[in-house]
Amino acid sequence: MAQRASEVASAPPPPQVVERGPDRTFRLLTLVSGLLVLFIIIAIGVYLFYDAQPALSANTANFWTETDWFPNEDPPFFGIAALVYGTIITSVIALVIGFPIAFGIALFISHYAPRRLARPMAWTIDLLAAVPSVVFGLWGIFYLNGKVIGVSEWLNSWFGWIPIFASDGTYGRSILLAGTVLAIMIVPIIASLSREVFSRTPSFHEEAALALGATRWEMIRMAVLPYGRAGVVAATMLGLGRALGETIAVAMVLSANFEISIRILEPGGNTIAANIANGFAEANENGRGALIASGLVLFGITLIVNVVARLIIYRKREFAGTTAA
Amino acid sequence: MSSTVTPPPTTQGEGRPGGSQGGFSTQRRTPTGLLIALGIVALALGGLFILVTPVNDVWTFVIITGLVLAVLYGIAAFAFEGGRKGKDRLVTTLVWVSFAVAFTPLALVLGYTIWKGLERFDLEFFTTTMRNIRPTQDGGGALHAIVGTIEQVMIAAAISVPLGIMTAIYLVEYGKGRLATTIRFFTDVMTGVPSIVAGLFIYAAFVLGLGIGFSGFAASLALTILMLPTVVRSTEEMLKLVPDTLREASYALGVPKYRTILRIVLPTALTGIVTGVMLAIARIAGETAPLLLTSFGNPNMNANPFDGPQESLPIFVYFQATNPQQTAVARAWTGALVLIILVMSLNVVARWLASRNDLMKTG
């Protein structure tokens with residue numbers, strides 16, 4: 001069968017059959033389902049924008065520069081400065097911790113692991129992505145927090161002179177903890193996409209490098225990395241998008257406040273997503289409007305990050321056919 | 001080509017700690033004695049870490065010591081073998097270490113959840129609800145949450161699987177040009193929509209917009225948004241793998257295109273599609289954030305997903321975990337364990353199906 005496929009490939013395409021009733025109906029049905037995806041993306045933006053308006057116009061503070069969040073008060077008083085800051089700083093920490101590990105794993109599975117073990121190992125890392133975020137949150141508070149407190153005290157005693165490691169003596173449930181949990185969650189995403197680009201390196205590039213006497217690392221630096229650079233950047237951005245939008249794990253591990261602090265070891269911090277989950281139940285009508293407004297900002301940020309990442313991927317045609325988790 | 005005769009590489013025995021490593025210039029191998037010394041240094045550093053930080057359990061010690069040893073070994077190889085070879089060895093070590101580092105949290109999360117979750121993994125947990133159970137009280141169960149999760153996930157699957165497959169059929173069998181590319185592109189972008197945003201959208205458009213109120217069905221709609229793109233992309237990959245000769249054979253017999261797709265193409269790709277659907281279900285079954293905004297949570301049994309707030313396993317875990325009482329936290333761990341068993345078994349069965357699939361090549 002497979003051999004015949006290649007013989008047939010050069011034959012002219014089958015003549016276009018006239019589309020009859022059910023054929024046409026079926027094609028239109030599939031088209032409508034396809035358009036639904038576009039419709040949902042647009043509808044999300046429109047609905048959030050529309051439902052945020054009453055709360056935004058009732059707001060007595062500047063939405064973009066205010067750090068406090070009192071949308072349930074009368075008059076309401078809220079802004080997303082602290083939330084945007086917290087969202088970005090936790091994601092940046094997640095990338096700083098997670099990226100080198102994910103990069104290493106991707107290289108390990110594509111170029112270092114013994115052939116027989118590579119697939120099971122890739123599968124193991126993918127399992128990490130399957131763990132629900134609420135479980136990571138639970139584990140984060142009751143297990144990881146204790147470890148992070150220990151590391152924080154050590155960091156503070158040696159590097160306390162660096163402003164981000166300063167502390168008033170309290171540790172734990174901090175931005176560092178949230179960043180660490182997020183790092184664990186984004187590693188499998190970055191690793192699986194990067195590994196796919198790495199393993200698509202044309203083998204004659206690799207063989208050429210090896211034939212010139214390159215060591216394995218030199219071969220990777222000369223052949224694999226230049227080829228995979230765009231893919232790794234895109235994978236990292238997808239991981240970033242995940243970290244920016246992750247909700248429940250962050251909501252559980254952070255002891256929320258609305259301050260902009262660079263001290264990542266102290267308790268505190270908040271993110272847009274975590275604030276929505278924490279504040280939704282107690283919010284009144286205006287409070288929920290304010291949460292929807294912050295959700296719209298989050299949607300905008302993640303949409304930009306994802307669109308740019310996908311554009312990079314789509315520009316590399318060979319890579320267009322992969323499903324990203 | 002160097003004419004120097006290199007002695008055959010010896011694997012052990014000749015190095016002494018602090019001995020004459022400098023004399024091994026032609027040897028080009030890290031002496032074993034040095035490795036032993038490095039092991040001692042690593043043990044010391046691991047011990048020092050336990051001493052200076054309040055972290056003091058055996059596993060941390062083992063992990064830290066192992067990592068330190070690996071890094072030291074890499075550096076020693078770099079120093080001894082010199083230049084390019086040593087650098088290669090250093091990178092190899094780092095790459096192995098990074099895999100170990102990522103494997104550690106997986107093992108810790110799974111191990112800790114099983115250990116903590118077994119405490120309340122009893123009959124009562126699966127047969128009772130949280131009705132009239134205060135956080136400080138023993139007992140109580142998650143039957144209402146399990147029922148809610150099953151209903152919500154099944155409704156979400158019932159909506160998104162047909163829609164997703166139809167979209168994938170459009171992309172593979174009909175779609176050409178800019179429109180198909182746009183749909184494919186935004187399906188990919190949609191995988192990146194944060195789950196909380198999907199929840200907010202359903203809250204704004206459905207719960208609030210249509211005035212229907214919180215319900216399990218609203219939760220299913222939010223989950224549908226998260227599940228749809230995954231189903232579309234995995235089905236699309238499978239349909240692409242169906243050989244064109246099958247389609248052509250069917251056309252040659254005069255079978256209309258829609259029947260060819262429904263009777264020939266879809267059945268051929270069925271195993272792969274099922275695999276993708278199961279992975280998509282595993283992905284949404286653990287979602288918490290959107291459910292808070294759509295089904296809200298409910299300590300009582302509500303088996304009707306179309307009427308009133310409904311509990312689900314992730315919400316159950318979240319609410320129990322936010323109580324400081326030990327009894328509530330124990331319930332949270334068991335809920336997490338049940339959730340992990342559910343998600344992991346879906347994953348394992350899906351991979352097993354995939355490994356038996358003739359269409360799918362490795363990739």
# chains A, B, ... in the order shown; residues from 1 in each chain; ligands from 1
>>> residues_around(residues="Ala285 (chain B)", least_positions_apart="6", cutoff="9 Å", atoms="only C-alpha atoms", output="PyMOL selection string")
(chain A and resi 132) or (chain B and resi 149-150+152-153+223+313-314+339+342-343)
>>> write_last_selection(atoms="N, CA and C atoms", output="PDB file, in the first residue's frame")
ATOM      1  N   PRO A 132      -2.662  17.851  37.689  1.00  0.00           N
ATOM      2  CA  PRO A 132      -3.546  19.019  37.774  1.00  0.00           C
ATOM      3  C   PRO A 132      -2.935  20.132  38.609  1.00  0.00           C
TER       4      PRO A 132
ATOM      5  N   THR B 149     -17.753  16.015  38.733  1.00  0.00           N
ATOM      6  CA  THR B 149     -16.652  15.973  37.768  1.00  0.00           C
ATOM      7  C   THR B 149     -17.001  15.091  36.574  1.00  0.00           C
ATOM      8  N   ILE B 150     -17.567  13.901  36.861  1.00  0.00           N
ATOM      9  CA  ILE B 150     -17.904  12.989  35.754  1.00  0.00           C
ATOM     10  C   ILE B 150     -18.926  13.642  34.827  1.00  0.00           C
ATOM     11  N   GLN B 152     -19.705  16.908  34.423  1.00  0.00           N
ATOM     12  CA  GLN B 152     -19.195  18.084  33.719  1.00  0.00           C
ATOM     13  C   GLN B 152     -18.235  17.700  32.596  1.00  0.00           C
ATOM     14  N   VAL B 153     -17.352  16.754  32.899  1.00  0.00           N
ATOM     15  CA  VAL B 153     -16.368  16.355  31.887  1.00  0.00           C
ATOM     16  C   VAL B 153     -17.054  15.652  30.717  1.00  0.00           C
ATOM     17  N   LEU B 223     -15.142  24.292  30.166  1.00  0.00           N
ATOM     18  CA  LEU B 223     -14.206  23.205  29.864  1.00  0.00           C
ATOM     19  C   LEU B 223     -14.170  22.929  28.363  1.00  0.00           C
ATOM     20  N   LEU B 313     -14.325  17.543  41.719  1.00  0.00           N
ATOM     21  CA  LEU B 313     -13.137  17.143  42.476  1.00  0.00           C
ATOM     22  C   LEU B 313     -12.120  18.270  42.650  1.00  0.00           C
ATOM     23  N   PRO B 314     -11.762  18.993  41.579  1.00  0.00           N
ATOM     24  CA  PRO B 314     -10.770  20.054  41.782  1.00  0.00           C
ATOM     25  C   PRO B 314     -11.247  21.122  42.770  1.00  0.00           C
ATOM     26  N   LEU B 339      -7.967  12.461  41.995  1.00  0.00           N
ATOM     27  CA  LEU B 339      -7.801  13.229  40.758  1.00  0.00           C
ATOM     28  C   LEU B 339      -6.582  12.743  39.968  1.00  0.00           C
ATOM     29  N   LEU B 342      -7.234   9.397  38.387  1.00  0.00           N
ATOM     30  CA  LEU B 342      -8.085   9.582  37.209  1.00  0.00           C
ATOM     31  C   LEU B 342      -7.271  10.067  36.010  1.00  0.00           C
ATOM     32  N   VAL B 343      -6.509  11.144  36.231  1.00  0.00           N
ATOM     33  CA  VAL B 343      -5.772  11.768  35.138  1.00  0.00           C
ATOM     34  C   VAL B 343      -4.659  10.853  34.621  1.00  0.00           C
TER      35      VAL B 343
END
>>> residues_around(residues="region 251-267 of chain A", least_positions_apart="6", cutoff="8 Å", atoms="only C-alpha atoms", output="PyMOL selection string")
(chain A and resi 67-69+82-83+85-86+137-138+140-141+145+152+163-178+273-275+277-278) or (chain B and resi 318+322)
>>> residues_around(residues="Ala81 (chain A)", least_positions_apart="3", cutoff="6 Å", atoms="only C-alpha atoms", output="VMD selection string")
chain A and resid 64 to 67 84
>>> residues_around(residues="Thr136 (chain B)", least_positions_apart="4", cutoff="9 Å", atoms="only C-alpha atoms", output="list in words")
Asn323, Gln325, Gln326, Thr327 and Ala328 of chain B
>>> write_last_selection(atoms="C-alpha atoms", output="short mmCIF file (atom, residue, chain, number, x, y, z; two decimals), in the first residue's frame")
data_model
loop_
_atom_site.label_atom_id
_atom_site.label_comp_id
_atom_site.auth_asym_id
_atom_site.auth_seq_id
_atom_site.Cartn_x
_atom_site.Cartn_y
_atom_site.Cartn_z
CA ASN B 323 -9.16 25.28 55.52
CA GLN B 325 -7.85 22.22 59.92
CA GLN B 326 -6.05 18.92 59.63
CA THR B 327 -9.27 17.00 58.98
CA ALA B 328 -10.09 19.19 55.98
#
>>> residues_around(residues="Val193 (chain B)", least_positions_apart="3", cutoff="10 Å", atoms="only C-alpha atoms", output="list in words")
Ile41, Ile44, Gly241, Arg242, Gly245, Leu298, Phe299, Gly300, Thr302, Leu303 and Asn306 of chain A; Asp188, Val189, Met190, Ile196, Val197, Ala198, Ile225 and Leu226 of chain B
>>> write_last_selection(atoms="C-alpha atoms", output="compact mmCIF listing (two decimals), in the first residue's frame")
# COMPACT_ATOMS: atom_id res chain seq x y z
CA ILE A 41 -11.86 34.08 20.45
CA ILE A 44 -14.25 36.33 24.68
CA GLY A 241 1.93 32.31 28.36
CA ARG A 242 1.08 29.35 30.55
CA GLY A 245 -2.32 32.62 33.08
CA LEU A 298 -4.73 39.09 31.23
CA PHE A 299 -6.46 37.88 28.06
CA GLY A 300 -4.79 40.68 26.10
CA THR A 302 -1.55 36.15 26.90
CA LEU A 303 -3.10 36.64 23.46
CA ASN A 306 0.67 33.35 22.14
CA ASP B 188 -3.34 27.02 18.28
CA VAL B 189 -3.65 30.43 19.89
CA MET B 190 -6.76 29.22 21.70
CA ILE B 196 -9.50 31.48 34.23
CA VAL B 197 -10.28 33.67 31.21
CA ALA B 198 -12.44 30.89 29.74
CA ILE B 225 -13.44 26.06 25.36
CA LEU B 226 -10.31 24.51 26.86
>>> closest_residue(among="B:Met227, B:Asp244, B:Ser195, B:Asn357", to="Ala289 (chain B)", atoms="only C-alpha atoms")
B:Ser195
>>> atom_distance(atom1="CA of Lys85 (chain B)", atom2="CA of Thr215 (chain A)")
6.8 Å
>>> interface_residues(of="chain B", to="chain A", cutoff="6 Å", atoms="only C-alpha atoms", output="VMD selection string")
chain B and resid 53 to 55 88 95 98 to 99 106 163 166 to 167 170 189 194 201 233 258 286 289 336
>>> write_last_selection(atoms="C-alpha atoms", output="short mmCIF file (atom, residue, chain, number, x, y, z; two decimals), in the first residue's frame")
data_model
loop_
_atom_site.label_atom_id
_atom_site.label_comp_id
_atom_site.auth_asym_id
_atom_site.auth_seq_id
_atom_site.Cartn_x
_atom_site.Cartn_y
_atom_site.Cartn_z
CA THR B 53 19.45 25.61 56.35
CA PRO B 54 16.41 24.49 58.32
CA VAL B 55 15.74 21.90 55.61
CA ASP B 88 31.78 18.08 25.98
CA VAL B 95 22.19 17.68 30.53
CA SER B 98 18.70 18.71 34.21
CA PHE B 99 16.71 15.57 33.51
CA LEU B 106 7.34 14.57 39.57
CA LEU B 163 -17.24 20.06 17.07
CA MET B 166 -15.82 18.50 12.33
CA THR B 167 -13.35 21.36 12.51
CA TYR B 170 -12.74 20.97 7.53
CA VAL B 189 -3.65 30.43 19.89
CA PRO B 194 -5.76 30.94 30.31
CA PHE B 201 -16.09 34.46 29.61
CA ARG B 233 -5.27 19.65 16.56
CA TYR B 258 -18.95 12.98 2.86
CA GLY B 286 -8.05 18.70 36.66
CA ALA B 289 -10.09 27.97 38.15
CA ALA B 336 -5.97 15.09 45.00
#
>>> residues_around(residues="Thr65 (chain B)", least_positions_apart="6", cutoff="10 Å", atoms="only C-alpha atoms", output="ChimeraX atom specification")
/B:39-47,49,59
>>> write_last_selection(atoms="C-alpha atoms", output="CSV table (one decimal), in the first residue's frame")
chain,number,residue,atom,x,y,z
B,39,GLY,CA,32.2,12.2,46.4
B,40,ILE,CA,33.5,13.2,49.8
B,41,VAL,CA,33.4,16.9,49.0
B,42,ALA,CA,29.8,16.4,47.7
B,43,LEU,CA,28.7,14.6,50.9
B,44,ALA,CA,30.3,17.4,52.9
B,45,LEU,CA,28.5,20.1,51.0
B,46,GLY,CA,25.2,18.2,51.2
B,47,GLY,CA,25.7,17.9,54.9
B,49,PHE,CA,23.5,22.5,53.4
B,59,TRP,CA,15.7,13.1,50.5
>>> residues_around(residues="Trp115 (chain B)", least_positions_apart="6", cutoff="10 Å", atoms="only C-alpha atoms", output="ChimeraX atom specification")
/B:109,333-334,337
